[in-house]
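**Student:** Sharing final_7.pdb below, PDB, C-alpha atoms and all ligand atoms:
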```pdb
ATOM      1  CA  MET A 290     114.606  48.533  90.818
ATOM      2  CA  ALA A 291     111.395  50.453  91.620
ATOM      3  CA  VAL A 292     111.586  53.039  94.370
ATOM      4  CA  PRO A 293     109.404  52.046  97.378
ATOM      5  CA  ILE A 294     106.533  54.506  97.847
ATOM      6  CA  VAL A 295     105.600  55.311 101.438
ATOM      7  CA  ARG A 296     102.202  56.917 102.098
ATOM      8  CA  THR A 297     101.989  57.094 105.858
ATOM      9  CA  LEU A 298     103.956  58.742 108.635
ATOM     10  CA  SER A 299     104.094  55.512 110.652
ATOM     11  CA  VAL A 300     105.787  53.606 107.796
ATOM     12  CA  LEU A 301     108.144  56.536 107.201
ATOM     13  CA  ARG A 302     109.159  56.522 110.864
ATOM     14  CA  GLN A 303     109.661  52.725 110.933
ATOM     15  CA  THR A 304     111.812  52.934 107.811
ATOM     16  CA  VAL A 305     113.992  55.731 109.208
ATOM     17  CA  ALA A 306     114.292  53.927 112.569
ATOM     18  CA  GLY A 307     115.539  50.828 110.702
ATOM     19  CA  TRP A 308     118.161  52.927 108.917
ATOM     20  CA  ARG A 309     119.216  54.588 112.155
ATOM     21  CA  ALA A 310     119.650  51.161 113.770
ATOM     22  CA  GLN A 311     122.175  50.401 111.013
ATOM     23  CA  GLY A 312     124.011  53.678 111.646
ATOM     24  CA  PHE A 313     122.898  55.334 108.402
ATOM     25  CA  THR A 314     122.658  59.084 107.908
ATOM     26  CA  VAL A 315     119.507  60.372 106.198
ATOM     27  CA  GLY A 316     119.021  63.030 103.522
ATOM     28  CA  LEU A 317     115.744  64.677 102.523
ATOM     29  CA  VAL A 318     114.748  66.189  99.178
ATOM     30  CA  PRO A 319     111.351  67.899  99.508
ATOM     31  CA  THR A 320     109.483  68.279  96.178
ATOM     32  CA  MET A 321     106.031  68.797  94.773
ATOM     33  CA  GLY A 322     106.700  66.278  92.006
ATOM     34  CA  ALA A 323     106.811  66.881  88.234
ATOM     35  CA  LEU A 324     110.463  66.034  88.645
ATOM     36  CA  HIS A 325     113.130  67.275  86.268
ATOM     37  CA  GLU A 326     116.920  67.245  86.146
ATOM     38  CA  GLY A 327     117.041  69.992  88.799
ATOM     39  CA  HIS A 328     115.327  67.711  91.337
ATOM     40  CA  LEU A 329     117.489  64.749  90.327
ATOM     41  CA  SER A 330     120.599  66.850  90.953
ATOM     42  CA  LEU A 331     119.327  67.338  94.530
ATOM     43  CA  VAL A 332     118.958  63.561  94.878
ATOM     44  CA  ARG A 333     122.535  63.115  93.652
ATOM     45  CA  ALA A 334     123.740  65.762  96.133
ATOM     46  CA  GLY A 335     121.875  63.821  98.836
ATOM     47  CA  LEU A 336     123.454  60.522  97.826
ATOM     48  CA  ALA A 337     126.906  62.123  97.905
ATOM     49  CA  ARG A 338     126.476  63.311 101.489
ATOM     50  CA  THR A 339     124.147  60.821 103.192
ATOM     51  CA  ASP A 340     123.596  57.049 103.265
ATOM     52  CA  ARG A 341     119.846  57.064 102.598
ATOM     53  CA  VAL A 342     117.828  59.619 100.616
ATOM     54  CA  ILE A 343     114.112  60.273 101.060
ATOM     55  CA  VAL A 344     112.372  62.264  98.337
ATOM     56  CA  THR A 345     109.024  63.722  99.353
ATOM     57  CA  LEU A 346     106.192  64.411  96.917
ATOM     58  CA  PHE A 347     103.372  66.522  98.261
ATOM     59  CA  VAL A 348     101.571  69.226  96.305
ATOM     60  CA  ASN A 349     101.054  71.471  99.283
ATOM     61  CA  PRO A 350      97.747  73.344  98.977
ATOM     62  CA  LYS A 351      98.725  75.800 101.724
ATOM     63  CA  GLN A 352     101.478  77.404  99.624
ATOM     64  CA  PHE A 353      99.286  78.203  96.612
ATOM     65  CA  ASN A 354      97.691  81.625  96.897
ATOM     66  CA  ASN A 355      96.032  81.096  93.514
ATOM     67  CA  PRO A 356      93.578  78.136  93.233
ATOM     68  CA  ALA A 357      94.044  78.029  89.424
ATOM     69  CA  ASP A 358      97.809  77.562  89.900
ATOM     70  CA  LEU A 359      97.152  74.684  92.331
ATOM     71  CA  ALA A 360      94.699  73.046  89.915
ATOM     72  CA  ALA A 361      97.144  73.423  86.983
ATOM     73  CA  TYR A 362     100.143  72.078  88.904
ATOM     74  CA  PRO A 363     101.403  68.964  87.053
ATOM     75  CA  ARG A 364     100.846  65.644  88.843
ATOM     76  CA  THR A 365     103.054  62.889  87.422
ATOM     77  CA  GLU A 366     103.720  60.444  90.245
ATOM     78  CA  ASP A 367     104.395  57.356  88.088
ATOM     79  CA  SER A 368     107.049  59.018  85.955
ATOM     80  CA  ASP A 369     108.469  60.760  89.054
ATOM     81  CA  ALA A 370     108.886  57.368  90.744
ATOM     82  CA  ALA A 371     110.604  55.963  87.645
ATOM     83  CA  LYS A 372     113.043  58.901  87.546
ATOM     84  CA  LEU A 373     113.812  58.486  91.246
ATOM     85  CA  ALA A 374     114.508  54.786  90.801
ATOM     86  CA  GLY A 375     117.000  55.705  88.058
ATOM     87  CA  ALA A 376     118.636  58.327  90.268
ATOM     88  CA  GLY A 377     118.995  55.913  93.199
ATOM     89  CA  ALA A 378     116.688  57.529  95.784
ATOM     90  CA  HIS A 379     115.859  55.094  98.591
ATOM     91  CA  ILE A 380     112.200  55.955  99.181
ATOM     92  CA  LEU A 381     109.535  58.255  97.818
ATOM     93  CA  TYR A 382     107.390  59.643 100.634
ATOM     94  CA  ALA A 383     104.142  60.670  98.933
ATOM     95  CA  PRO A 384     101.820  61.168 101.903
ATOM     96  CA  ASN A 385      98.070  61.392 101.756
ATOM     97  CA  ALA A 386      96.873  64.898 102.635
ATOM     98  CA  ALA A 387      95.657  63.575 106.017
ATOM     99  CA  GLU A 388      99.214  62.615 107.027
ATOM    100  CA  ILE A 389     100.267  66.241 106.620
ATOM    101  CA  TYR A 390      97.101  68.131 107.545
ATOM    102  CA  PRO A 391      94.906  65.853 109.662
ATOM    103  CA  GLU A 392      91.405  66.933 110.668
ATOM    104  CA  GLY A 393      91.662  69.922 112.996
ATOM    105  CA  PHE A 394      95.177  70.944 111.906
ATOM    106  CA  SER A 395      95.535  74.535 113.113
ATOM    107  CA  THR A 396      99.207  75.499 113.195
ATOM    108  CA  THR A 397     100.972  77.917 110.864
ATOM    109  CA  VAL A 398     104.713  78.480 110.839
ATOM    110  CA  SER A 399     105.393  82.056 109.818
ATOM    111  CA  VAL A 400     108.905  83.411 109.258
ATOM    112  CA  ALA A 401     109.182  87.191 109.496
ATOM    113  CA  GLY A 402     111.906  89.053 107.623
ATOM    114  CA  ALA A 403     112.992  86.487 105.044
ATOM    115  CA  SER A 404     109.378  85.973 103.909
ATOM    116  CA  GLU A 405     108.801  89.671 103.248
ATOM    117  CA  GLY A 406     109.055  91.302  99.821
ATOM    118  CA  MET A 407     109.536  89.659  96.434
ATOM    119  CA  GLU A 408     107.688  86.275  96.485
ATOM    120  CA  GLY A 409     106.191  87.156  99.854
ATOM    121  CA  HIS A 410     104.706  90.346  98.424
ATOM    122  CA  PHE A 411     103.331  88.887  95.208
ATOM    123  CA  ARG A 412     102.210  85.549  96.694
ATOM    124  CA  PRO A 413     100.671  86.460 100.070
ATOM    125  CA  GLY A 414     100.686  83.481 102.437
ATOM    126  CA  HIS A 415     102.971  81.435 100.180
ATOM    127  CA  PHE A 416     105.895  81.257 102.600
ATOM    128  CA  ASP A 417     103.650  80.467 105.569
ATOM    129  CA  GLY A 418     102.526  77.426 103.584
ATOM    130  CA  VAL A 419     106.092  76.510 102.648
ATOM    131  CA  ALA A 420     107.482  76.965 106.175
ATOM    132  CA  THR A 421     104.613  74.966 107.692
ATOM    133  CA  VAL A 422     104.925  71.982 105.360
ATOM    134  CA  VAL A 423     108.735  71.963 105.390
ATOM    135  CA  ALA A 424     108.783  72.080 109.205
ATOM    136  CA  LYS A 425     106.469  69.053 109.175
ATOM    137  CA  LEU A 426     108.597  67.184 106.631
ATOM    138  CA  PHE A 427     111.761  67.898 108.642
ATOM    139  CA  LEU A 428     110.141  66.661 111.852
ATOM    140  CA  GLN A 429     108.384  63.680 110.263
ATOM    141  CA  SER A 430     111.548  62.419 108.560
ATOM    142  CA  GLY A 431     114.071  63.317 111.258
ATOM    143  CA  ALA A 432     116.596  63.702 108.416
ATOM    144  CA  ASP A 433     120.127  64.970 109.060
ATOM    145  CA  LEU A 434     120.469  67.022 105.897
ATOM    146  CA  ALA A 435     117.916  68.570 103.532
ATOM    147  CA  PHE A 436     118.696  69.616  99.961
ATOM    148  CA  PHE A 437     117.122  72.676  98.322
ATOM    149  CA  GLY A 438     117.754  74.325  94.965
ATOM    150  CA  GLU A 439     119.028  77.894  94.796
ATOM    151  CA  LYS A 440     116.453  78.598  92.108
ATOM    152  CA  ASP A 441     114.008  79.297  94.956
ATOM    153  CA  PHE A 442     116.534  81.510  96.683
ATOM    154  CA  GLN A 443     114.138  83.305  99.011
ATOM    155  CA  GLN A 444     112.586  79.954  99.974
ATOM    156  CA  LEU A 445     116.061  78.734 100.939
ATOM    157  CA  HIS A 446     116.436  81.680 103.333
ATOM    158  CA  VAL A 447     112.957  81.122 104.791
ATOM    159  CA  VAL A 448     113.594  77.407 105.357
ATOM    160  CA  ARG A 449     117.036  77.966 106.922
ATOM    161  CA  ARG A 450     115.659  80.597 109.281
ATOM    162  CA  MET A 451     112.705  78.397 110.228
ATOM    163  CA  ALA A 452     114.885  75.343 110.995
ATOM    164  CA  GLY A 453     117.338  77.464 112.996
ATOM    165  CA  ASP A 454     114.660  79.322 114.939
ATOM    166  CA  LEU A 455     112.802  76.113 115.816
ATOM    167  CA  ASP A 456     115.998  74.201 116.739
ATOM    168  CA  ILE A 457     115.242  71.476 114.225
ATOM    169  CA  PRO A 458     118.528  69.534 114.056
ATOM    170  CA  ILE A 459     118.934  69.471 110.293
ATOM    171  CA  GLU A 460     121.480  71.049 107.933
ATOM    172  CA  VAL A 461     119.900  72.869 105.007
ATOM    173  CA  VAL A 462     122.155  72.393 101.975
ATOM    174  CA  ALA A 463     121.890  74.825  99.031
ATOM    175  CA  CYS A 464     122.388  73.316  95.562
ATOM    176  CA  GLN A 465     123.081  75.252  92.345
ATOM    177  CA  THR A 466     120.285  75.990  89.904
ATOM    178  CA  ILE A 467     120.261  73.574  86.980
ATOM    179  CA  ARG A 468     119.701  75.226  83.593
ATOM    180  CA  GLU A 469     118.681  74.064  80.149
ATOM    181  CA  LYS A 470     121.391  74.397  77.471
ATOM    182  CA  ASP A 471     119.939  77.788  76.472
ATOM    183  CA  GLY A 472     120.125  79.064  80.065
ATOM    184  CA  LEU A 473     116.475  78.716  81.138
ATOM    185  CA  ALA A 474     116.333  77.614  84.779
ATOM    186  CA  MET A 475     114.673  74.209  85.044
ATOM    187  CA  SER A 476     111.203  74.399  86.566
ATOM    188  CA  SER A 477     108.123  72.195  86.699
ATOM    189  CA  ARG A 478     106.227  75.147  85.215
ATOM    190  CA  ASN A 479     108.299  75.252  81.987
ATOM    191  CA  VAL A 480     106.146  72.519  80.393
ATOM    192  CA  ARG A 481     103.262  75.017  80.382
ATOM    193  CA  LEU A 482     105.093  77.417  78.035
ATOM    194  CA  SER A 483     103.919  77.463  74.405
ATOM    195  CA  ALA A 484     106.563  76.845  71.722
ATOM    196  CA  ALA A 485     106.876  80.598  71.083
ATOM    197  CA  GLU A 486     107.123  81.377  74.819
ATOM    198  CA  ARG A 487     109.715  78.639  75.278
ATOM    199  CA  THR A 488     111.860  80.327  72.610
ATOM    200  CA  LEU A 489     111.638  83.653  74.439
ATOM    201  CA  ALA A 490     112.036  82.274  77.996
ATOM    202  CA  PRO A 491     115.894  82.081  78.066
ATOM    203  CA  ARG A 492     115.925  85.901  77.684
ATOM    204  CA  LEU A 493     115.096  86.022  81.415
ATOM    205  CA  ALA A 494     118.329  84.316  82.503
ATOM    206  CA  ALA A 495     120.329  86.165  79.829
ATOM    207  CA  THR A 496     119.052  89.485  81.209
ATOM    208  CA  LEU A 497     120.028  88.444  84.734
ATOM    209  CA  PHE A 498     123.554  87.448  83.732
ATOM    210  CA  GLU A 499     124.091  90.607  81.642
ATOM    211  CA  THR A 500     122.771  92.831  84.423
ATOM    212  CA  ALA A 501     124.834  91.021  87.081
ATOM    213  CA  ALA A 502     128.005  91.687  85.079
ATOM    214  CA  LYS A 503     127.191  95.416  84.931
ATOM    215  CA  LEU A 504     126.515  95.491  88.681
ATOM    216  CA  THR A 505     129.862  93.820  89.356
ATOM    217  CA  ALA A 506     131.470  96.441  87.117
ATOM    218  CA  GLY A 507     130.128  99.066  89.556
ATOM    219  CA  ALA A 508     126.787 100.230  88.101
ATOM    220  CA  ASP A 509     124.076 101.554  90.436
ATOM    221  CA  ALA A 510     121.172  99.117  90.651
ATOM    222  CA  PRO A 511     118.036 101.314  90.457
ATOM    223  CA  PRO A 512     118.400 102.718  86.888
ATOM    224  CA  LEU A 513     119.962  99.515  85.563
ATOM    225  CA  LEU A 514     117.194  97.293  86.948
ATOM    226  CA  ALA A 515     114.465  99.614  85.673
ATOM    227  CA  GLU A 516     116.015  99.475  82.191
ATOM    228  CA  ALA A 517     116.387  95.658  82.316
ATOM    229  CA  ALA A 518     112.716  95.268  83.340
ATOM    230  CA  ARG A 519     111.654  97.539  80.444
ATOM    231  CA  ALA A 520     113.786  95.480  78.040
ATOM    232  CA  LEU A 521     112.066  92.264  79.171
ATOM    233  CA  GLY A 522     108.695  93.916  78.497
ATOM    234  CA  SER A 523     109.808  94.974  75.008
ATOM    235  CA  ALA A 524     111.077  91.430  74.339
ATOM    236  CA  GLY A 525     107.577  90.032  74.965
ATOM    237  CA  PHE A 526     107.376  89.274  78.678
ATOM    238  CA  GLY A 527     104.282  90.350  80.592
ATOM    239  CA  GLN A 528     104.476  91.940  84.023
ATOM    240  CA  VAL A 529     107.909  91.896  85.648
ATOM    241  CA  GLU A 530     106.758  91.585  89.258
ATOM    242  CA  TYR A 531     110.155  92.282  90.711
ATOM    243  CA  LEU A 532     113.777  92.523  89.654
ATOM    244  CA  GLU A 533     115.836  93.190  92.752
ATOM    245  CA  LEU A 534     119.395  93.213  94.015
ATOM    246  CA  ARG A 535     119.623  91.652  97.457
ATOM    247  CA  SER A 536     122.391  90.643  99.829
ATOM    248  CA  GLU A 537     123.305  86.974  99.360
ATOM    249  CA  ALA A 538     123.725  86.528 103.134
ATOM    250  CA  THR A 539     120.771  88.481 104.551
ATOM    251  CA  LEU A 540     118.470  89.237 101.574
ATOM    252  CA  ALA A 541     118.606  92.939 102.523
ATOM    253  CA  PRO A 542     117.962  95.212  99.503
ATOM    254  CA  LEU A 543     121.129  96.727  97.966
ATOM    255  CA  VAL A 544     121.606  99.740  95.708
ATOM    256  CA  ARG A 545     125.049  98.573  94.543
ATOM    257  CA  ALA A 546     126.881  95.256  94.576
ATOM    258  CA  SER A 547     128.776  96.299  97.677
ATOM    259  CA  GLU A 548     128.903  92.696  98.976
ATOM    260  CA  PRO A 549     128.191  89.219  97.521
ATOM    261  CA  ALA A 550     124.660  89.591  96.197
ATOM    262  CA  ARG A 551     121.842  87.984  94.222
ATOM    263  CA  LEU A 552     119.792  89.418  91.433
ATOM    264  CA  LEU A 553     116.282  87.970  91.647
ATOM    265  CA  VAL A 554     113.372  88.186  89.232
ATOM    266  CA  ALA A 555     109.766  87.077  88.777
ATOM    267  CA  ALA A 556     108.108  87.740  85.431
ATOM    268  CA  TRP A 557     105.112  86.493  83.514
ATOM    269  CA  LEU A 558     105.371  84.896  80.106
ATOM    270  CA  GLY A 559     101.859  84.293  78.811
ATOM    271  CA  ASP A 560     100.077  82.725  81.756
ATOM    272  CA  VAL A 561     103.219  81.185  83.239
ATOM    273  CA  ARG A 562     105.032  82.903  86.083
ATOM    274  CA  LEU A 563     108.798  82.358  85.920
ATOM    275  CA  ILE A 564     111.289  83.053  88.700
ATOM    276  CA  ASP A 565     115.070  82.989  88.537
ATOM    277  CA  ASN A 566     118.133  84.470  90.233
ATOM    278  CA  VAL A 567     121.885  84.667  89.698
ATOM    279  CA  PRO A 568     124.822  85.449  91.960
ATOM    280  CA  VAL A 569     126.388  88.900  91.680
ATOM    281  CA  ALA A 570     130.054  89.173  92.574
ATOM    282  CA  PRO A 571     130.850  92.290  94.603
ATOM    283  CA  SER A 572     132.054  95.347  92.763
ATOM    284  CA  SER A 573     135.589  96.465  93.529
ATOM    285  CA  ARG A 574     134.643 100.125  92.914
TER     286      ARG A 574
HETATM  287  O1  LIG B 601     110.195  74.008  96.316
HETATM  288  C1  LIG B 601     109.196  73.262  96.387
HETATM  289  O2  LIG B 601     108.967  72.402  95.526
HETATM  290  C2  LIG B 601     108.230  73.418  97.548
HETATM  291  O3  LIG B 601     108.108  74.750  97.909
HETATM  292  C3  LIG B 601     108.592  72.536  98.754
HETATM  293  C4  LIG B 601     109.927  72.959  99.343
HETATM  294  C5  LIG B 601     108.651  71.080  98.339
HETATM  295  C6  LIG B 601     107.533  72.689  99.849
HETATM  296  O4  LIG B 601     106.288  72.265  99.411
END
```
What do you get writing this file as structure tokens?
**Tutor:**
Amino acid sequence: MAVPIVRTLSVLRQTVAGWRAQGFTVGLVPTMGALHEGHLSLVRAGLARTDRVIVTLFVNPKQFNNPADLAAYPRTEDSDAAKLAGAGAHILYAPNAAEIYPEGFSTTVSVAGASEGMEGHFRPGHFDGVATVVAKLFLQSGADLAFFGEKDFQQLHVVRRMAGDLDIPIEVVACQTIREKDGLAMSSRNVRLSAAERTLAPRLAATLFETAAKLTAGADAPPLLAEAARALGSAGFGQVEYLELRSEATLAPLVRASEPARLLVAAWLGDVRLIDNVPVAPSSR
């Protein structure tokens, strides 16, 4: 059965009110479309924990600091809707821009701390755009739970902080990164890799896993991370924007894996910017 597509806030609210009247709980999976198995795993997580799942599709102009990236972002609504029908999502909320940013819209949600460094440094304004649109999607849907992939680990922290700080009554659920068989983290941007770049791309995840194991064995991060970034460059990657060890709980920078941590990276491959991260178990040394 086709997934119903909702374009307006008023229809979204009527639909959710109808579900509430039947006692249903509601899950939300925010996306920008170009759906892949990673997104569908979020839908499945939503179906496992809530009675009705809304997937949102909105390519949010406010989170793109680079107009070329916004223009190149894949837009595949028909095939997205077909995938969602197969996965069992209940509605696809694909609002017109005016439902999200009506004439005169002037509010920005800005999350200090979690938004700083890494993505926040290399994509100025990105997390303001994310926090603003996600706050709107939380409030528009009134969902009980929202499902986000750990692939965008810093985004997860920003969104959690925002919902907590604004007392939005929603639980933000983190879901594991889904990887291709060769280890490459699934991403809507992967389709833009050339055949040669696609062959090289799994080196990013492999480097993260190898480096994480050394950190858990007790290595100091600064020299190890510098060496890993150099190795990516020698393998054929372009600029490694960051490769950092951060606390899993607070995102504070770490020099050793002295607590549960994450190793996070952003690197260019041709004209595609890839991000990824892996957990780092604490070192016993
Ligand atoms: O992760 C994404 O696809 C986007 O940042 C999100 C959360 C849908 C907000 O536009």
**Student:** Name the residues, by chain letter and number, that sit within 8 Å of ligand LIG 601 (chain B) using only C-alpha atoms and all ligand atoms, and give them as a list of chain:residue names.
**Tutor:** A:Val318, A:Pro319, A:Thr320, A:Met321, A:Gly322, A:Thr345, A:Leu346, A:Phe347, A:Val348, A:Asn349, A:Gln352, A:Gly418, A:Val419, A:Ala420, A:Val422, A:Val423, A:Phe437, A:Gly438, A:Asp441, A:Gln444
**Student:** Which is closer to Ala432 (chain A) than all the others in A:Glu388, A:Glu486, A:Glu405, A:Asp340, using all atoms listed in the file?
**Tutor:**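 Of A:Glu388, A:Glu486, A:Glu405, A:Asp340, the one nearest Ala432 (chain A), counting all atoms listed in the file, is A:Asp340.
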**Student:** Rounded to one decimal in Å, what is the spacing between CA of Ala556 (chain A) and CA of Leu532 (chain A)?
**Tutor:**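 These two atoms are separated by 8.5 Å.
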**Student:** Please provide the set of residues having any atom within 10 Å of region 498-506 of chain A, restricted to all atoms listed in the file, with same-chain residues fewer than 3 positions apart removed, written as JSON, numbers by chain.
**Tutor:** {"A": [472, 492, 493, 494, 495, 509, 510, 513, 514, 516, 517, 534, 544, 545, 546, 547, 548, 549, 550, 551, 552, 566, 567, 568, 569, 570, 571, 572, 573, 574]}
**Student:** Find the residues around region 449-460 of chain A up to 7 Å (only C-alpha atoms counted), leave out those fewer than 3 positions away in its own chain, and share them as a list of chain:residue names.
**Tutor:**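 Near region 449-460 of chain A, the qualifying residues are A:Val400, A:Ala420, A:Ala432, A:Asp433, A:Leu434, A:Ala435, A:Leu445, A:His446.
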**Student:** May I have the residues within 12 Å of Thr304 (chain A) as a VMD selection string, using all atoms listed in the file and disregarding those fewer than 6 positions away in the same chain?
**Tutor:** chain A and resid 293 to 298 310 to 311 313 315 341 to 343 379 to 382 429 to 432
**Student:** Restricted to C-alpha atoms, what would the selected residues look like written as a JSON list (two decimals), in the coordinates of the input?
**Tutor:**
```json
[["chain", "number", "residue", "atom", "x", "y", "z"],
["A", 293, "PRO", "CA", 109.40, 52.05, 97.38],
["A", 294, "ILE", "CA", 106.53, 54.51, 97.85],
["A", 295, "VAL", "CA", 105.60, 55.31, 101.44],
["A", 296, "ARG", "CA", 102.20, 56.92, 102.10],
["A", 297, "THR", "CA", 101.99, 57.09, 105.86],
["A", 298, "LEU", "CA", 103.96, 58.74, 108.64],
["A", 310, "ALA", "CA", 119.65, 51.16, 113.77],
["A", 311, "GLN", "CA", 122.18, 50.40, 111.01],
["A", 313, "PHE", "CA", 122.90, 55.33, 108.40],
["A", 315, "VAL", "CA", 119.51, 60.37, 106.20],
["A", 341, "ARG", "CA", 119.85, 57.06, 102.60],
["A", 342, "VAL", "CA", 117.83, 59.62, 100.62],
["A", 343, "ILE", "CA", 114.11, 60.27, 101.06],
["A", 379, "HIS", "CA", 115.86, 55.09, 98.59],
["A", 380, "ILE", "CA", 112.20, 55.96, 99.18],
["A", 381, "LEU", "CA", 109.54, 58.26, 97.82],
["A", 382, "TYR", "CA", 107.39, 59.64, 100.63],
["A", 429, "GLN", "CA", 108.38, 63.68, 110.26],
["A", 430, "SER", "CA", 111.55, 62.42, 108.56],
["A", 431, "GLY", "CA", 114.07, 63.32, 111.26],
["A", 432, "ALA", "CA", 116.60, 63.70, 108.42]]
```
**Student:** The PyMOL selection byres (((chain A and resi 353) around 12) and not hetatm) on the file shown: which residues, as a list in words?
**Tutor:**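 This file gives the following for the PyMOL selection byres (((chain A and resi 353) around 12) and not hetatm): Met321, Val348, Asn349, Pro350, Lys351, Gln352, Asn354, Asn355, Pro356, Ala357, Asp358, Leu359, Ala360, Ala361, Tyr362, Glu408, Gly409, Phe411, Arg412, Pro413, Gly414, His415, Phe416, Asp417, Gly418 and Val419 of chain A.
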**Student:** Given the file shown, determine the residues that the PyMOL selection byres (((chain A and resi 367) around 12) and not hetatm) selects; report them as a PyMOL selection string.
**Tutor:** chain A and resi 291-294+322-324+346+364-366+368-374+381+383
**Student:** Can you spit out the residues from that selection as a tab-separated table (two decimals), keeping the file's coordinate frame, using C-alpha atoms?
**Tutor:**
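Wrote it out as again.tsv, contents follow:
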```
chain	number	residue	atom	x	y	z
A	291	ALA	CA	111.40	50.45	91.62
A	292	VAL	CA	111.59	53.04	94.37
A	293	PRO	CA	109.40	52.05	97.38
A	294	ILE	CA	106.53	54.51	97.85
A	322	GLY	CA	106.70	66.28	92.01
A	323	ALA	CA	106.81	66.88	88.23
A	324	LEU	CA	110.46	66.03	88.64
A	346	LEU	CA	106.19	64.41	96.92
A	364	ARG	CA	100.85	65.64	88.84
A	365	THR	CA	103.05	62.89	87.42
A	366	GLU	CA	103.72	60.44	90.24
A	368	SER	CA	107.05	59.02	85.96
A	369	ASP	CA	108.47	60.76	89.05
A	370	ALA	CA	108.89	57.37	90.74
A	371	ALA	CA	110.60	55.96	87.64
A	372	LYS	CA	113.04	58.90	87.55
A	373	LEU	CA	113.81	58.49	91.25
A	374	ALA	CA	114.51	54.79	90.80
A	381	LEU	CA	109.54	58.26	97.82
A	383	ALA	CA	104.14	60.67	98.93
```
**Student:** Pick from A:Val305, A:Leu558, A:Ala378, A:Val332: nearest to Ala485 (chain A), with only C-alpha atoms counted?
**Tutor:**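 Closest residue, counting only C-alpha atoms: A:Leu558.
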**Student:** So how far away is CA of Lys440 (chain A) from CA of Ile467 (chain A), in Å?
**Tutor:**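 Between CA of Ile467 (chain A) and CA of Lys440 (chain A) the gap is 8.1 Å.
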